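In what follows, a structure is listed as structure tokens, so that the remarks can point back to it.
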Amino acid sequence: MGVYLGNYCFVMIIVLVLGAEVRSQSLKNGYYSTSCPKAESIVRSTVESHFDSDPTISPGLLRLHFHDCFVQGCDGSVLIKGKTAEQAALASSGLRGFEVIDDAKARLESVCPGVVSCADILALAARDAVDLSSGPSWTVPTGRKDGRISLASEASNLPSPLDSVAVQKQKFQAKGLDTHDLVTLLGAHTIGQTDCQFFRYRLYNFTVTGNSDPTISPSFLTQLKTLCPPNGDGSKRVALDIGSPSNFDVSFFKNVRDGNGILESDQRLWSDSETNDMVKKYASTIRGLLGFRFDNEFGKAMVKMSSIDVKSDVDGEVRKICSQVN
């Protein structure tokens, strides 16, 4: 998930795969089955009510969860407000979905006060957002505690739309995620939008001679130039998946295969032999063999990502209000 679902940047703090696995052991399926049995259904109904009025909230929640996990780990630190908190970082521009998390938290506090963490609410909401967008669903292990630290300075090295595949691999590996996870999670760009300003350079100023990025298919280049003229509004929103922008499917991978990727970092997946092979498999139309594989793999990758550097009772808490520490 940025993967970038708006400005599309993410951060890394080096952690070993082993360390990530050890920390994930504090999570388990059905963590709230006794302490707050209706926790997941309350989050689901909250997300659903917001989705019904604004379906574009889905990529917002997915991106919010991704940002949370890639800075300080999956501890709800992205939800904390403050002049020096993560939300104040340039890379956090355009983050949305906070009101959904706050709404779910308020409902949960009225039923199970002090029990369900904001970090868990965000992880569950991201899953439900994908499911509501005709995507897969998966079991989310819970038991995360909320972190007490949120610093904008730690969001300065998030993955960028300008990153080469090598750099993307390095940043994901620093979080215990492999190349398979990288390609799979970038598939989240099958929903969501970005601004013209984040890819317009590919259309007009990609080379020193002012030519366009040669990896963009000619027909798609014409389409993009119409959407984003050279002197047009840089904040104009464009769907990351022109084919089916509201459906969570494999259209994104077909776009990359056909030279129709919006972000340079996405399109570059086709130029690397390892990521190219995965894009081909996900873009396959062979039903039951490769074409539907993305649904299963995305859920697995999300569970892995949502286990990054989770906090325990020792270094975390259950916030009463998600936007501030207790």
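Chains: A, B, ... in order of the structure tokens. Residues: from 1 per chain. Ligands: from 1, in order shown.
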Note to self: Quick one: residues within 7 Å of A:Val165, only C-alpha atoms, excluding same-chain residues fewer than 3 positions away - as a list in words?
What the structure shows: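 The filter keeps Gln168, Lys169, Arg268, Leu269 and Asp272 of chain A.
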Give me a file of those residues, with all heavy atoms, as a PDB file, in the first residue's frame.
ATOM      1  N   GLN A 168      13.786   0.458  -4.058  1.00  0.00           N
ATOM      2  CA  GLN A 168      12.538  -0.036  -3.469  1.00  0.00           C
ATOM      3  C   GLN A 168      12.772  -1.345  -2.717  1.00  0.00           C
ATOM      4  O   GLN A 168      12.281  -1.532  -1.596  1.00  0.00           O
ATOM      5  CB  GLN A 168      11.485  -0.250  -4.562  1.00  0.00           C
ATOM      6  CG  GLN A 168      10.992   1.026  -5.228  1.00  0.00           C
ATOM      7  CD  GLN A 168       9.916   0.740  -6.256  1.00  0.00           C
ATOM      8  OE1 GLN A 168       8.800   0.364  -5.923  1.00  0.00           O
ATOM      9  NE2 GLN A 168      10.244   0.922  -7.536  1.00  0.00           N
ATOM     10  N   LYS A 169      13.549  -2.232  -3.331  1.00  0.00           N
ATOM     11  CA  LYS A 169      13.854  -3.508  -2.683  1.00  0.00           C
ATOM     12  C   LYS A 169      14.584  -3.281  -1.368  1.00  0.00           C
ATOM     13  O   LYS A 169      14.282  -3.916  -0.351  1.00  0.00           O
ATOM     14  CB  LYS A 169      14.725  -4.377  -3.606  1.00  0.00           C
ATOM     15  CG  LYS A 169      13.997  -4.967  -4.795  1.00  0.00           C
ATOM     16  CD  LYS A 169      14.974  -5.804  -5.629  1.00  0.00           C
ATOM     17  CE  LYS A 169      14.297  -6.443  -6.818  1.00  0.00           C
ATOM     18  NZ  LYS A 169      15.240  -7.265  -7.637  1.00  0.00           N
ATOM     19  N   ARG A 268       8.619   0.898 -13.350  1.00  0.00           N
ATOM     20  CA  ARG A 268       9.950   0.310 -13.317  1.00  0.00           C
ATOM     21  C   ARG A 268       9.926  -1.165 -12.910  1.00  0.00           C
ATOM     22  O   ARG A 268      10.917  -1.876 -13.101  1.00  0.00           O
ATOM     23  CB  ARG A 268      10.845   1.094 -12.357  1.00  0.00           C
ATOM     24  CG  ARG A 268      11.366   2.396 -12.958  1.00  0.00           C
ATOM     25  CD  ARG A 268      12.255   3.147 -11.982  1.00  0.00           C
ATOM     26  NE  ARG A 268      12.939   4.258 -12.643  1.00  0.00           N
ATOM     27  CZ  ARG A 268      13.741   5.112 -12.018  1.00  0.00           C
ATOM     28  NH1 ARG A 268      13.946   4.970 -10.706  1.00  0.00           N
ATOM     29  NH2 ARG A 268      14.331   6.081 -12.680  1.00  0.00           N
ATOM     30  N   LEU A 269       8.838  -1.621 -12.343  1.00  0.00           N
ATOM     31  CA  LEU A 269       8.720  -3.040 -11.992  1.00  0.00           C
ATOM     32  C   LEU A 269       8.876  -3.923 -13.224  1.00  0.00           C
ATOM     33  O   LEU A 269       9.284  -5.080 -13.130  1.00  0.00           O
ATOM     34  CB  LEU A 269       7.360  -3.323 -11.334  1.00  0.00           C
ATOM     35  CG  LEU A 269       7.076  -2.674  -9.984  1.00  0.00           C
ATOM     36  CD1 LEU A 269       5.659  -3.016  -9.529  1.00  0.00           C
ATOM     37  CD2 LEU A 269       8.090  -3.110  -8.937  1.00  0.00           C
ATOM     38  N   ASP A 272      12.839  -4.773 -14.266  1.00  0.00           N
ATOM     39  CA  ASP A 272      13.663  -5.639 -13.429  1.00  0.00           C
ATOM     40  C   ASP A 272      13.220  -7.081 -13.636  1.00  0.00           C
ATOM     41  O   ASP A 272      12.024  -7.382 -13.574  1.00  0.00           O
ATOM     42  CB  ASP A 272      13.503  -5.228 -11.961  1.00  0.00           C
ATOM     43  CG  ASP A 272      14.262  -6.131 -11.006  1.00  0.00           C
ATOM     44  OD1 ASP A 272      15.442  -5.840 -10.733  1.00  0.00           O
ATOM     45  OD2 ASP A 272      13.664  -7.127 -10.538  1.00  0.00           O
TER      46      ASP A 272
END
Going by DSSP on the backbone, which bits of stretch 96-260 of chain A are alpha helix (DSSP H)? Write them as an mmCIF file with N, CA, C and O atoms, in the first residue's frame, please.
data_model
loop_
_atom_site.group_PDB
_atom_site.id
_atom_site.type_symbol
_atom_site.label_atom_id
_atom_site.label_comp_id
_atom_site.auth_asym_id
_atom_site.auth_seq_id
_atom_site.Cartn_x
_atom_site.Cartn_y
_atom_site.Cartn_z
ATOM 1 N N PHE A 98 -8.541 9.586 8.921
ATOM 2 C CA PHE A 98 -8.431 9.739 10.373
ATOM 3 C C PHE A 98 -9.798 9.732 11.056
ATOM 4 O O PHE A 98 -9.959 9.184 12.144
ATOM 5 N N GLU A 99 -10.773 10.354 10.387
ATOM 6 C CA GLU A 99 -12.100 10.439 10.997
ATOM 7 C C GLU A 99 -12.759 9.069 11.126
ATOM 8 O O GLU A 99 -13.563 8.843 12.034
ATOM 9 N N VAL A 100 -12.406 8.158 10.226
ATOM 10 C CA VAL A 100 -12.957 6.805 10.304
ATOM 11 C C VAL A 100 -12.421 6.087 11.545
ATOM 12 O O VAL A 100 -13.168 5.439 12.283
ATOM 13 N N ILE A 101 -11.121 6.233 11.761
ATOM 14 C CA ILE A 101 -10.491 5.598 12.920
ATOM 15 C C ILE A 101 -11.028 6.213 14.210
ATOM 16 O O ILE A 101 -11.327 5.499 15.174
ATOM 17 N N ASP A 102 -11.153 7.532 14.234
ATOM 18 C CA ASP A 102 -11.680 8.204 15.434
ATOM 19 C C ASP A 102 -13.113 7.776 15.725
ATOM 20 O O ASP A 102 -13.500 7.587 16.884
ATOM 21 N N ASP A 103 -13.892 7.627 14.675
ATOM 22 C CA ASP A 103 -15.288 7.210 14.822
ATOM 23 C C ASP A 103 -15.358 5.794 15.402
ATOM 24 O O ASP A 103 -16.113 5.524 16.350
ATOM 25 N N ALA A 104 -14.553 4.894 14.839
ATOM 26 C CA ALA A 104 -14.542 3.508 15.329
ATOM 27 C C ALA A 104 -14.061 3.455 16.781
ATOM 28 O O ALA A 104 -14.612 2.712 17.602
ATOM 29 N N LYS A 105 -13.054 4.258 17.093
ATOM 30 C CA LYS A 105 -12.528 4.278 18.456
ATOM 31 C C LYS A 105 -13.589 4.744 19.452
ATOM 32 O O LYS A 105 -13.748 4.152 20.540
ATOM 33 N N ALA A 106 -14.326 5.794 19.090
ATOM 34 C CA ALA A 106 -15.373 6.308 19.974
ATOM 35 C C ALA A 106 -16.439 5.245 20.231
ATOM 36 O O ALA A 106 -16.911 5.073 21.364
ATOM 37 N N ARG A 107 -16.797 4.514 19.182
ATOM 38 C CA ARG A 107 -17.804 3.467 19.333
ATOM 39 C C ARG A 107 -17.294 2.342 20.221
ATOM 40 O O ARG A 107 -18.029 1.803 21.055
ATOM 41 N N LEU A 108 -16.026 1.992 20.038
ATOM 42 C CA LEU A 108 -15.443 0.916 20.838
ATOM 43 C C LEU A 108 -15.276 1.316 22.294
ATOM 44 O O LEU A 108 -15.492 0.505 23.206
ATOM 45 N N GLU A 109 -14.904 2.569 22.536
ATOM 46 C CA GLU A 109 -14.736 3.036 23.917
ATOM 47 C C GLU A 109 -16.055 3.021 24.672
ATOM 48 O O GLU A 109 -16.074 2.842 25.894
ATOM 49 N N SER A 110 -17.150 3.199 23.966
ATOM 50 C CA SER A 110 -18.459 3.181 24.631
ATOM 51 C C SER A 110 -18.873 1.768 25.025
ATOM 52 O O SER A 110 -19.703 1.573 25.914
ATOM 53 N N VAL A 111 -18.294 0.784 24.359
ATOM 54 C CA VAL A 111 -18.631 -0.618 24.634
ATOM 55 C C VAL A 111 -17.546 -1.313 25.452
ATOM 56 O O VAL A 111 -17.843 -2.046 26.395
ATOM 57 N N CYS A 118 -5.673 1.678 18.965
ATOM 58 C CA CYS A 118 -5.860 2.418 17.710
ATOM 59 C C CYS A 118 -5.109 1.734 16.569
ATOM 60 O O CYS A 118 -5.549 1.737 15.425
ATOM 61 N N ALA A 119 -3.962 1.145 16.898
ATOM 62 C CA ALA A 119 -3.162 0.445 15.890
ATOM 63 C C ALA A 119 -3.937 -0.736 15.319
ATOM 64 O O ALA A 119 -3.913 -0.993 14.109
ATOM 65 N N ASP A 120 -4.636 -1.459 16.184
ATOM 66 C CA ASP A 120 -5.446 -2.589 15.723
ATOM 67 C C ASP A 120 -6.642 -2.108 14.906
ATOM 68 O O ASP A 120 -7.007 -2.726 13.899
ATOM 69 N N ILE A 121 -7.245 -1.010 15.329
ATOM 70 C CA ILE A 121 -8.379 -0.461 14.582
ATOM 71 C C ILE A 121 -7.953 -0.133 13.163
ATOM 72 O O ILE A 121 -8.656 -0.443 12.195
ATOM 73 N N LEU A 122 -6.773 0.460 13.018
ATOM 74 C CA LEU A 122 -6.273 0.836 11.699
ATOM 75 C C LEU A 122 -5.989 -0.391 10.835
ATOM 76 O O LEU A 122 -6.309 -0.414 9.640
ATOM 77 N N ALA A 123 -5.397 -1.420 11.431
ATOM 78 C CA ALA A 123 -5.111 -2.649 10.688
ATOM 79 C C ALA A 123 -6.403 -3.319 10.220
ATOM 80 O O ALA A 123 -6.496 -3.806 9.085
ATOM 81 N N LEU A 124 -7.405 -3.341 11.074
ATOM 82 C CA LEU A 124 -8.691 -3.935 10.721
ATOM 83 C C LEU A 124 -9.413 -3.099 9.669
ATOM 84 O O LEU A 124 -10.013 -3.637 8.730
ATOM 85 N N ALA A 125 -9.343 -1.787 9.812
ATOM 86 C CA ALA A 125 -10.014 -0.891 8.866
ATOM 87 C C ALA A 125 -9.420 -1.013 7.469
ATOM 88 O O ALA A 125 -10.153 -0.960 6.467
ATOM 89 N N ALA A 126 -8.102 -1.182 7.383
ATOM 90 C CA ALA A 126 -7.455 -1.339 6.073
ATOM 91 C C ALA A 126 -7.947 -2.609 5.390
ATOM 92 O O ALA A 126 -8.225 -2.619 4.183
ATOM 93 N N ARG A 127 -8.061 -3.686 6.157
ATOM 94 C CA ARG A 127 -8.582 -4.947 5.614
ATOM 95 C C ARG A 127 -10.009 -4.774 5.106
ATOM 96 O O ARG A 127 -10.358 -5.192 3.996
ATOM 97 N N ASP A 128 -10.847 -4.142 5.918
ATOM 98 C CA ASP A 128 -12.246 -3.965 5.552
ATOM 99 C C ASP A 128 -12.391 -3.046 4.335
ATOM 100 O O ASP A 128 -13.284 -3.241 3.503
ATOM 101 N N ALA A 129 -11.512 -2.050 4.239
ATOM 102 C CA ALA A 129 -11.556 -1.128 3.107
ATOM 103 C C ALA A 129 -11.282 -1.852 1.793
ATOM 104 O O ALA A 129 -11.932 -1.603 0.772
ATOM 105 N N VAL A 130 -10.330 -2.781 1.815
ATOM 106 C CA VAL A 130 -10.014 -3.565 0.617
ATOM 107 C C VAL A 130 -11.181 -4.476 0.264
ATOM 108 O O VAL A 130 -11.593 -4.586 -0.892
ATOM 109 N N ASP A 131 -11.728 -5.121 1.268
ATOM 110 C CA ASP A 131 -12.852 -6.032 1.057
ATOM 111 C C ASP A 131 -14.048 -5.298 0.444
ATOM 112 O O ASP A 131 -14.702 -5.807 -0.480
ATOM 113 N N LEU A 132 -14.335 -4.110 0.930
ATOM 114 C CA LEU A 132 -15.458 -3.330 0.419
ATOM 115 C C LEU A 132 -15.227 -2.845 -1.004
ATOM 116 O O LEU A 132 -16.172 -2.497 -1.715
ATOM 117 N N VAL A 165 13.971 0.230 -8.802
ATOM 118 C CA VAL A 165 13.539 -1.023 -8.200
ATOM 119 C C VAL A 165 14.535 -1.450 -7.126
ATOM 120 O O VAL A 165 14.152 -1.962 -6.068
ATOM 121 N N ALA A 166 15.821 -1.225 -7.373
ATOM 122 C CA ALA A 166 16.850 -1.589 -6.394
ATOM 123 C C ALA A 166 16.640 -0.856 -5.079
ATOM 124 O O ALA A 166 16.750 -1.444 -3.999
ATOM 125 N N VAL A 167 16.319 0.414 -5.158
ATOM 126 C CA VAL A 167 16.083 1.205 -3.948
ATOM 127 C C VAL A 167 14.806 0.749 -3.259
ATOM 128 O O VAL A 167 14.747 0.643 -2.030
ATOM 129 N N GLN A 168 13.786 0.458 -4.058
ATOM 130 C CA GLN A 168 12.538 -0.036 -3.469
ATOM 131 C C GLN A 168 12.772 -1.345 -2.717
ATOM 132 O O GLN A 168 12.281 -1.532 -1.596
ATOM 133 N N LYS A 169 13.549 -2.232 -3.331
ATOM 134 C CA LYS A 169 13.854 -3.508 -2.683
ATOM 135 C C LYS A 169 14.584 -3.281 -1.368
ATOM 136 O O LYS A 169 14.282 -3.916 -0.351
ATOM 137 N N GLN A 170 15.534 -2.366 -1.397
ATOM 138 C CA GLN A 170 16.321 -2.080 -0.201
ATOM 139 C C GLN A 170 15.446 -1.550 0.930
ATOM 140 O O GLN A 170 15.572 -1.969 2.086
ATOM 141 N N LYS A 171 14.544 -0.648 0.601
ATOM 142 C CA LYS A 171 13.678 -0.056 1.622
ATOM 143 C C LYS A 171 12.696 -1.071 2.206
ATOM 144 O O LYS A 171 12.410 -1.058 3.409
ATOM 145 N N PHE A 172 12.195 -1.954 1.372
ATOM 146 C CA PHE A 172 11.274 -2.966 1.876
ATOM 147 C C PHE A 172 12.026 -4.017 2.684
ATOM 148 O O PHE A 172 11.538 -4.482 3.718
ATOM 149 N N GLN A 173 13.214 -4.387 2.230
ATOM 150 C CA GLN A 173 14.004 -5.374 2.960
ATOM 151 C C GLN A 173 14.385 -4.862 4.341
ATOM 152 O O GLN A 173 14.490 -5.636 5.295
ATOM 153 N N THR A 179 11.054 -9.142 -1.981
ATOM 154 C CA THR A 179 10.621 -8.634 -3.291
ATOM 155 C C THR A 179 9.204 -9.075 -3.619
ATOM 156 O O THR A 179 8.435 -8.333 -4.237
ATOM 157 N N HIS A 180 8.856 -10.267 -3.211
ATOM 158 C CA HIS A 180 7.496 -10.758 -3.425
ATOM 159 C C HIS A 180 6.493 -9.841 -2.714
ATOM 160 O O HIS A 180 5.466 -9.462 -3.281
ATOM 161 N N ASP A 181 6.820 -9.469 -1.488
ATOM 162 C CA ASP A 181 5.952 -8.557 -0.741
ATOM 163 C C ASP A 181 5.896 -7.190 -1.414
ATOM 164 O O ASP A 181 4.824 -6.568 -1.484
ATOM 165 N N LEU A 182 7.021 -6.725 -1.898
ATOM 166 C CA LEU A 182 7.091 -5.426 -2.558
ATOM 167 C C LEU A 182 6.121 -5.341 -3.727
ATOM 168 O O LEU A 182 5.280 -4.431 -3.791
ATOM 169 N N VAL A 183 6.224 -6.287 -4.643
ATOM 170 C CA VAL A 183 5.361 -6.266 -5.824
ATOM 171 C C VAL A 183 3.899 -6.449 -5.427
ATOM 172 O O VAL A 183 3.005 -5.773 -5.943
ATOM 173 N N THR A 184 3.662 -7.351 -4.502
ATOM 174 C CA THR A 184 2.294 -7.623 -4.068
ATOM 175 C C THR A 184 1.652 -6.395 -3.425
ATOM 176 O O THR A 184 0.516 -6.024 -3.744
ATOM 177 N N LEU A 185 2.379 -5.731 -2.531
ATOM 178 C CA LEU A 185 1.830 -4.569 -1.840
ATOM 179 C C LEU A 185 1.664 -3.374 -2.770
ATOM 180 O O LEU A 185 0.740 -2.571 -2.600
ATOM 181 N N LEU A 186 2.537 -3.259 -3.774
ATOM 182 C CA LEU A 186 2.361 -2.186 -4.752
ATOM 183 C C LEU A 186 1.074 -2.386 -5.544
ATOM 184 O O LEU A 186 0.539 -1.440 -6.123
ATOM 185 N N TYR A 201 6.399 15.090 -14.812
ATOM 186 C CA TYR A 201 7.757 15.157 -15.364
ATOM 187 C C TYR A 201 8.017 14.026 -16.360
ATOM 188 O O TYR A 201 8.860 14.143 -17.252
ATOM 189 N N ARG A 202 7.293 12.929 -16.216
ATOM 190 C CA ARG A 202 7.453 11.809 -17.149
ATOM 191 C C ARG A 202 6.871 12.138 -18.523
ATOM 192 O O ARG A 202 7.249 11.530 -19.519
ATOM 193 N N LEU A 203 5.965 13.105 -18.547
ATOM 194 C CA LEU A 203 5.263 13.428 -19.789
ATOM 195 C C LEU A 203 5.985 14.464 -20.632
ATOM 196 O O LEU A 203 5.901 14.443 -21.867
ATOM 197 N N TYR A 204 6.714 15.371 -19.976
ATOM 198 C CA TYR A 204 7.286 16.502 -20.713
ATOM 199 C C TYR A 204 8.782 16.716 -20.478
ATOM 200 O O TYR A 204 9.478 17.187 -21.357
ATOM 201 N N PRO A 218 2.550 4.886 -26.206
ATOM 202 C CA PRO A 218 2.164 6.099 -26.941
ATOM 203 C C PRO A 218 0.713 6.525 -26.727
ATOM 204 O O PRO A 218 0.428 7.702 -26.522
ATOM 205 N N SER A 219 -0.201 5.571 -26.765
ATOM 206 C CA SER A 219 -1.615 5.921 -26.604
ATOM 207 C C SER A 219 -1.904 6.431 -25.201
ATOM 208 O O SER A 219 -2.686 7.367 -25.005
ATOM 209 N N PHE A 220 -1.255 5.829 -24.218
ATOM 210 C CA PHE A 220 -1.463 6.242 -22.838
ATOM 211 C C PHE A 220 -0.824 7.610 -22.591
ATOM 212 O O PHE A 220 -1.347 8.423 -21.826
ATOM 213 N N LEU A 221 0.289 7.864 -23.247
ATOM 214 C CA LEU A 221 0.963 9.155 -23.118
ATOM 215 C C LEU A 221 0.038 10.279 -23.571
ATOM 216 O O LEU A 221 -0.072 11.313 -22.913
ATOM 217 N N THR A 222 -0.641 10.066 -24.678
ATOM 218 C CA THR A 222 -1.587 11.062 -25.180
ATOM 219 C C THR A 222 -2.699 11.305 -24.167
ATOM 220 O O THR A 222 -3.099 12.445 -23.917
ATOM 221 N N GLN A 223 -3.178 10.231 -23.587
ATOM 222 C CA GLN A 223 -4.246 10.328 -22.591
ATOM 223 C C GLN A 223 -3.789 11.113 -21.363
ATOM 224 O O GLN A 223 -4.509 11.973 -20.844
ATOM 225 N N LEU A 224 -2.581 10.819 -20.898
ATOM 226 C CA LEU A 224 -2.065 11.486 -19.713
ATOM 227 C C LEU A 224 -1.790 12.972 -19.969
ATOM 228 O O LEU A 224 -2.012 13.815 -19.095
ATOM 229 N N LYS A 225 -1.323 13.296 -21.172
ATOM 230 C CA LYS A 225 -1.061 14.697 -21.497
ATOM 231 C C LYS A 225 -2.362 15.501 -21.538
ATOM 232 O O LYS A 225 -2.376 16.684 -21.204
ATOM 233 N N THR A 226 -3.432 14.836 -21.919
ATOM 234 C CA THR A 226 -4.729 15.506 -21.916
ATOM 235 C C THR A 226 -5.195 15.767 -20.483
ATOM 236 O O THR A 226 -5.735 16.830 -20.169
ATOM 237 N N LEU A 227 -4.954 14.793 -19.609
ATOM 238 C CA LEU A 227 -5.344 14.926 -18.212
ATOM 239 C C LEU A 227 -4.464 15.926 -17.466
ATOM 240 O O LEU A 227 -4.941 16.657 -16.595
ATOM 241 N N SER A 251 -5.867 -5.324 -12.422
ATOM 242 C CA SER A 251 -5.737 -4.359 -13.515
ATOM 243 C C SER A 251 -4.432 -3.556 -13.422
ATOM 244 O O SER A 251 -3.819 -3.232 -14.437
ATOM 245 N N PHE A 252 -4.002 -3.261 -12.211
ATOM 246 C CA PHE A 252 -2.757 -2.513 -12.014
ATOM 247 C C PHE A 252 -1.584 -3.214 -12.686
ATOM 248 O O PHE A 252 -0.756 -2.583 -13.358
ATOM 249 N N PHE A 253 -1.496 -4.517 -12.527
ATOM 250 C CA PHE A 253 -0.383 -5.274 -13.095
ATOM 251 C C PHE A 253 -0.469 -5.342 -14.626
ATOM 252 O O PHE A 253 0.550 -5.330 -15.312
ATOM 253 N N LYS A 254 -1.671 -5.387 -15.135
ATOM 254 C CA LYS A 254 -1.841 -5.349 -16.582
ATOM 255 C C LYS A 254 -1.408 -3.992 -17.130
ATOM 256 O O LYS A 254 -0.832 -3.905 -18.228
ATOM 257 N N ASN A 255 -1.681 -2.944 -16.367
ATOM 258 C CA ASN A 255 -1.253 -1.612 -16.781
ATOM 259 C C ASN A 255 0.270 -1.526 -16.866
ATOM 260 O O ASN A 255 0.828 -0.979 -17.820
ATOM 261 N N VAL A 256 0.949 -2.049 -15.839
ATOM 262 C CA VAL A 256 2.415 -2.036 -15.828
ATOM 263 C C VAL A 256 2.953 -2.844 -17.011
ATOM 264 O O VAL A 256 3.885 -2.419 -17.704
ATOM 265 N N ARG A 257 2.367 -3.980 -17.251
ATOM 266 C CA ARG A 257 2.769 -4.832 -18.385
ATOM 267 C C ARG A 257 2.625 -4.104 -19.719
ATOM 268 O O ARG A 257 3.468 -4.230 -20.610
#
With a cut-off of 12 Å, could you pull out the residues of stretch 9-102 of chain A touching stretch 192-200 of chain A and give me the nearest pair of atoms for each, distance in Å to one decimal, using only C-alpha atoms, ordered by chain and ascending number, as CSV?
residue,atom,partner,partner_atom,distance
A:Cys9,CA,A:Phe198,CA,10.8
A:Pro55,CA,A:Gly192,CA,10.1
A:Thr56,CA,A:Gly192,CA,7.0
A:Ile57,CA,A:Gly192,CA,8.9
A:Ser58,CA,A:Gly192,CA,7.9
A:Pro59,CA,A:Gly192,CA,5.0
A:Gly60,CA,A:Gly192,CA,7.4
A:Leu61,CA,A:Gly192,CA,10.3
A:Leu62,CA,A:Gly192,CA,9.3
A:Arg63,CA,A:Gly192,CA,9.0
A:Ser93,CA,A:Asp195,CA,11.4
A:Gly94,CA,A:Thr194,CA,9.5
A:Leu95,CA,A:Thr194,CA,11.6
A:Arg96,CA,A:Gly192,CA,11.6
Item checked: Residue with smallest distance to A:Pro245 - pool A:Val208, A:Leu151, A:Ile216, A:Ile191, counting only C-alpha atoms -> A:Ile191
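Compared by their closest atoms to A:Pro159, and using only C-alpha atoms, the residues A:Asn211, A:Ser117, A:Ser92, A:Asn205 rank with A:Ser92 nearest.
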Next item on the list: Using DSSP on the backbone, list every residue of stretch 61-256 of chain A that comes out as strand (DSSP E), and give them as JSON, numbers by chain.
Entry: {"A": [193, 194, 195, 237, 238, 239]}
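Near A:Phe298, within a cut-off of 8 Å and counting only C-alpha atoms, sit the residues Pro136, Thr184, Leu185, Gly187, Phe294, Asp295, Ala301 and Met302 of chain A, with same-chain residues fewer than 3 positions away left out.
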I need the residues from that last selection saved to file as an mmCIF file, in the first residue's frame (with all heavy atoms), if you can.
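Contents of part28.cif, freshly written:
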data_model
loop_
_atom_site.group_PDB
_atom_site.id
_atom_site.type_symbol
_atom_site.label_atom_id
_atom_site.label_comp_id
_atom_site.auth_asym_id
_atom_site.auth_seq_id
_atom_site.Cartn_x
_atom_site.Cartn_y
_atom_site.Cartn_z
ATOM 1 N N PRO A 136 -9.861 -8.794 -1.726
ATOM 2 C CA PRO A 136 -9.848 -9.939 -0.809
ATOM 3 C C PRO A 136 -10.050 -9.524 0.637
ATOM 4 O O PRO A 136 -9.926 -8.344 0.994
ATOM 5 C CB PRO A 136 -8.433 -10.504 -1.019
ATOM 6 C CG PRO A 136 -7.609 -9.294 -1.334
ATOM 7 C CD PRO A 136 -8.507 -8.436 -2.198
ATOM 8 N N THR A 184 3.662 -7.351 -4.502
ATOM 9 C CA THR A 184 2.294 -7.623 -4.068
ATOM 10 C C THR A 184 1.652 -6.395 -3.425
ATOM 11 O O THR A 184 0.516 -6.024 -3.744
ATOM 12 C CB THR A 184 2.272 -8.797 -3.077
ATOM 13 O OG1 THR A 184 2.871 -9.949 -3.682
ATOM 14 C CG2 THR A 184 0.846 -9.137 -2.676
ATOM 15 N N LEU A 185 2.379 -5.731 -2.531
ATOM 16 C CA LEU A 185 1.830 -4.569 -1.840
ATOM 17 C C LEU A 185 1.664 -3.374 -2.770
ATOM 18 O O LEU A 185 0.740 -2.571 -2.600
ATOM 19 C CB LEU A 185 2.723 -4.199 -0.647
ATOM 20 C CG LEU A 185 2.699 -5.208 0.511
ATOM 21 C CD1 LEU A 185 3.773 -4.876 1.542
ATOM 22 C CD2 LEU A 185 1.320 -5.238 1.168
ATOM 23 N N GLY A 187 0.564 -3.602 -5.541
ATOM 24 C CA GLY A 187 -0.709 -3.870 -6.194
ATOM 25 C C GLY A 187 -1.855 -3.097 -5.577
ATOM 26 O O GLY A 187 -2.938 -3.003 -6.162
ATOM 27 N N PHE A 294 -3.302 -13.156 -6.931
ATOM 28 C CA PHE A 294 -3.063 -11.889 -6.239
ATOM 29 C C PHE A 294 -3.956 -11.742 -5.014
ATOM 30 O O PHE A 294 -3.516 -11.237 -3.974
ATOM 31 C CB PHE A 294 -3.279 -10.720 -7.208
ATOM 32 C CG PHE A 294 -3.190 -9.361 -6.563
ATOM 33 C CD1 PHE A 294 -2.038 -8.953 -5.921
ATOM 34 C CD2 PHE A 294 -4.267 -8.488 -6.606
ATOM 35 C CE1 PHE A 294 -1.949 -7.706 -5.322
ATOM 36 C CE2 PHE A 294 -4.193 -7.232 -6.009
ATOM 37 C CZ PHE A 294 -3.031 -6.848 -5.362
ATOM 38 N N ASP A 295 -5.201 -12.164 -5.104
ATOM 39 C CA ASP A 295 -6.122 -12.067 -3.976
ATOM 40 C C ASP A 295 -5.553 -12.726 -2.721
ATOM 41 O O ASP A 295 -5.589 -12.157 -1.635
ATOM 42 C CB ASP A 295 -7.456 -12.729 -4.327
ATOM 43 C CG ASP A 295 -8.375 -11.799 -5.092
ATOM 44 O OD1 ASP A 295 -7.934 -10.679 -5.416
ATOM 45 O OD2 ASP A 295 -9.519 -12.175 -5.363
ATOM 46 N N ALA A 301 0.688 -10.793 2.393
ATOM 47 C CA ALA A 301 1.666 -9.705 2.477
ATOM 48 C C ALA A 301 1.220 -8.644 3.477
ATOM 49 O O ALA A 301 2.037 -8.062 4.198
ATOM 50 C CB ALA A 301 1.879 -9.073 1.099
ATOM 51 N N MET A 302 -0.084 -8.402 3.544
ATOM 52 C CA MET A 302 -0.604 -7.423 4.494
ATOM 53 C C MET A 302 -0.428 -7.896 5.938
ATOM 54 O O MET A 302 -0.096 -7.106 6.828
ATOM 55 C CB MET A 302 -2.078 -7.135 4.207
ATOM 56 C CG MET A 302 -2.310 -6.270 2.985
ATOM 57 S SD MET A 302 -1.701 -4.567 3.182
ATOM 58 C CE MET A 302 -2.881 -3.915 4.382
#
Next item on the list: Measure the distance from atom CA of A:Thr275 to atom CA of A:Gly261 in Å and round it to one decimal.
Entry: 14.2 Å
Next item on the list: Write out as a ChimeraX atom specification each polymer residue whose atoms come within 9 Å of A:Cys36, counting only C-alpha atoms; drop sequence neighbours fewer than 3 positions from it.
Entry: /A:31-33,39-40,108,111-112,115-116
Margin query: Give me the residues near stretch 75-91 of chain A as a PyMOL selection string, where near means some atom within 9 Å (using only C-alpha atoms) and where sequence neighbours in that chain fewer than 6 positions away do not count.
Written below: chain A and resi 7-11+64-65+67-69+98+101+117-122+144-158+309-311+316+322-325
